[in-house]
Each structure stands twice: as C-alpha cells, then as structure tokens.
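Okay, structure first, notes after.
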Amino acid sequence: MVSGHLGRYEPAPRAHPGDGILDVVEVAETMTLRQRLMARRRSRTGSHLPHPEISTTRARDLRRSFDEPLLVVVDGRAIATTRHLDIAVLPAAYEHAV
C-alpha cells in the first residue's frame with residue numbers, strides 16, 4: 001500500500017502517499033476466518049493489528065512469487081492475474097492536477 005486506506009479500512013496507518021515507501025501487510029494462509037474478521041474490524045480505526053500471522057514491512061520495492069495465480073487489484077480495480085509480482089514505488093511520481 002502507498003496509502004494507509006483501503007476503502008473504509010486503514011490496515012496500514014503509517015503509509016503516506018508520495019513518500020516512496022510501500023507498506024506491505026501480509027496475512028498467512030493459516031489464519032482462521034474468525035481471526036481475519038477480528039483483524040478486519042480493528043482495521044476500520046487504524047488500530048495496530050497484532051497477530052503472529054499478520055506481518056507488516058516497509059520497503060521501496062517488492063518481489064514475490066506465488067504457487068497459484070494472484071489477482072492484482074490497483075485502486076480498487078482488478079487489472080491482471082500473475083504468479084510473479086514486482087513492484088517499485090517512486091516518490092511523488094504522480095501529481096493530481098486540480
């Protein structure tokens with residue numbers, strides 16, 4: 001994430017657009033549905049999501065490979081499926097003209 005918000009949720013409250021940092025929130029496949037729902041509820045307020053199966057890191061780039069195809073969603077829109085993801089964040093690379 002380059003913004004802390006995902007719809008009405010705030011799973012990465014430290015994320016800020018334009019800072020050139022990617023905030024990565026990863027949830028282990030082994031996390032139960034009940035635990036996921038509890039974490040989702042807490043993410044509405046931007047509260048810290050402490051759980052051994054949720055990890056958060058900050059990086060300038062990210063490379064991941066997956067056994068199964070992954071749906072890639074950008075700004076709420078599905079754009080592709082892939083088994084290899086390579087992301088680089090450029091600080092302030094986009095400016096919105098008003």
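Letters for chains follow the order of the structure tokens (A, B, ...), residue numbers begin at 1 for each chain, and ligand numbers begin at 1 in the order shown.
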Would you pick out the contacts of Val72 in chain A at 8 Å or less, using only C-alpha atoms, so that residues sharing its chain but fewer than 4 positions from it are not included, and give the list as a PyMOL selection string? chain A and resi 78-82
Give me the residues within 8 Å of range 52-57 of chain A as a PyMOL selection string, counting only C-alpha atoms and dropping any in the same chain fewer than 2 places off. chain A and resi 23-28+30-31+49-50+59
Go ahead and write the selection's residues with N, CA and C atoms as a compact mmCIF listing (two decimals), in the first residue's frame.
```txt
# COMPACT_ATOMS: atom_id res chain seq x y z
N ASP A 23 4.04 0.07 2.00
CA ASP A 23 3.71 -0.59 3.26
C ASP A 23 3.04 -1.92 2.90
N VAL A 24 3.69 -3.01 3.29
CA VAL A 24 3.24 -4.35 2.92
C VAL A 24 2.60 -5.02 4.13
N VAL A 25 1.33 -5.42 3.99
CA VAL A 25 0.62 -6.14 5.03
C VAL A 25 0.35 -7.53 4.47
N GLU A 26 0.92 -8.55 5.11
CA GLU A 26 0.75 -9.92 4.65
C GLU A 26 0.05 -10.75 5.72
N VAL A 27 -0.94 -11.53 5.28
CA VAL A 27 -1.70 -12.40 6.18
C VAL A 27 -1.41 -13.84 5.78
N ALA A 28 -1.00 -14.64 6.75
CA ALA A 28 -0.68 -16.04 6.49
C ALA A 28 -1.94 -16.80 6.09
N THR A 30 -2.74 -19.61 6.91
CA THR A 30 -3.20 -20.42 8.04
C THR A 30 -4.07 -19.65 9.03
N MET A 31 -4.18 -18.33 8.87
CA MET A 31 -5.00 -17.53 9.78
C MET A 31 -6.48 -17.89 9.59
N LEU A 49 -2.65 -4.06 14.27
CA LEU A 49 -3.22 -5.39 14.12
C LEU A 49 -2.26 -6.44 14.63
N PRO A 50 -2.08 -6.54 15.95
CA PRO A 50 -1.11 -7.51 16.46
C PRO A 50 -1.59 -8.94 16.32
N ALA A 59 9.07 -1.02 2.49
CA ALA A 59 10.15 -1.21 1.52
C ALA A 59 9.96 -0.28 0.33
```
Pull the helix (DSSP H, G or I) assignments for range 15-95 of chain A out of DSSP run on the backbone, and list those residues as a VMD selection string. chain A and resid 33 to 43
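With only C-alpha atoms as the atoms that count, the residue of A:Arg58, A:His51, A:Arg34, A:Arg41 with the shortest distance to Gly20 in chain A is A:Arg58.
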So which residues touch Leu90 in chain A within 9 Å, counting only C-alpha atoms, skipping near sequence neighbours fewer than 5 positions away, as a list of chain:residue names?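 Counting only C-alpha atoms, the residues come to A:Gly18, A:Asp19, A:Gly20, A:Ile21, A:Arg60.
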Using the selection just defined, write its residues with N, CA and C atoms as a PDB file, in the first residue's frame.
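Printed below is part34.pdb as written:
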```pdb
ATOM      1  N   GLY A  18       3.083   9.394  -1.742  1.00  0.00           N
ATOM      2  CA  GLY A  18       4.170  10.275  -2.142  1.00  0.00           C
ATOM      3  C   GLY A  18       5.462  10.107  -1.364  1.00  0.00           C
ATOM      4  N   ASP A  19       5.496   9.237  -0.347  1.00  0.00           N
ATOM      5  CA  ASP A  19       6.727   9.095   0.429  1.00  0.00           C
ATOM      6  C   ASP A  19       7.705   8.096  -0.179  1.00  0.00           C
ATOM      7  N   GLY A  20       7.296   7.407  -1.239  1.00  0.00           N
ATOM      8  CA  GLY A  20       8.184   6.464  -1.902  1.00  0.00           C
ATOM      9  C   GLY A  20       8.366   5.153  -1.169  1.00  0.00           C
ATOM     10  N   ILE A  21       7.525   4.894  -0.188  1.00  0.00           N
ATOM     11  CA  ILE A  21       7.626   3.666   0.609  1.00  0.00           C
ATOM     12  C   ILE A  21       6.360   2.841   0.395  1.00  0.00           C
ATOM     13  N   ARG A  60      11.003  -0.095  -0.437  1.00  0.00           N
ATOM     14  CA  ARG A  60      10.910   0.708  -1.667  1.00  0.00           C
ATOM     15  C   ARG A  60      10.490  -0.143  -2.852  1.00  0.00           C
TER      16      ARG A  60
END
```
If you measure from CA of Arg83 in chain A to CA of Leu33 in chain A, what distance in Å do you get, rounded to one decimal? 24.1 Å
So that I can see what lies close to His84 in chain A, please list as a ChimeraX atom specification the residues with an atom at most 10 Å from it, counting only C-alpha atoms and leaving out residues fewer than 3 positions away in the same chain. /A:63-70,81
Please dump the current selection as a tab-separated table (two decimals), in the first residue's frame; keep C-alpha atoms.
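The file below, out31.tsv, is the result:
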```
chain	number	residue	atom	x	y	z
A	63	ARG	CA	9.18	-9.05	-5.35
A	64	ARG	CA	7.00	-12.09	-4.69
A	65	SER	CA	6.22	-15.35	-6.45
A	66	PHE	CA	3.11	-17.44	-5.85
A	67	ASP	CA	2.20	-21.07	-6.49
A	68	GLU	CA	-1.25	-20.09	-7.77
A	69	PRO	CA	-2.22	-17.07	-9.92
A	70	LEU	CA	-2.91	-13.95	-7.85
A	81	THR	CA	-3.58	-12.11	-12.69
```
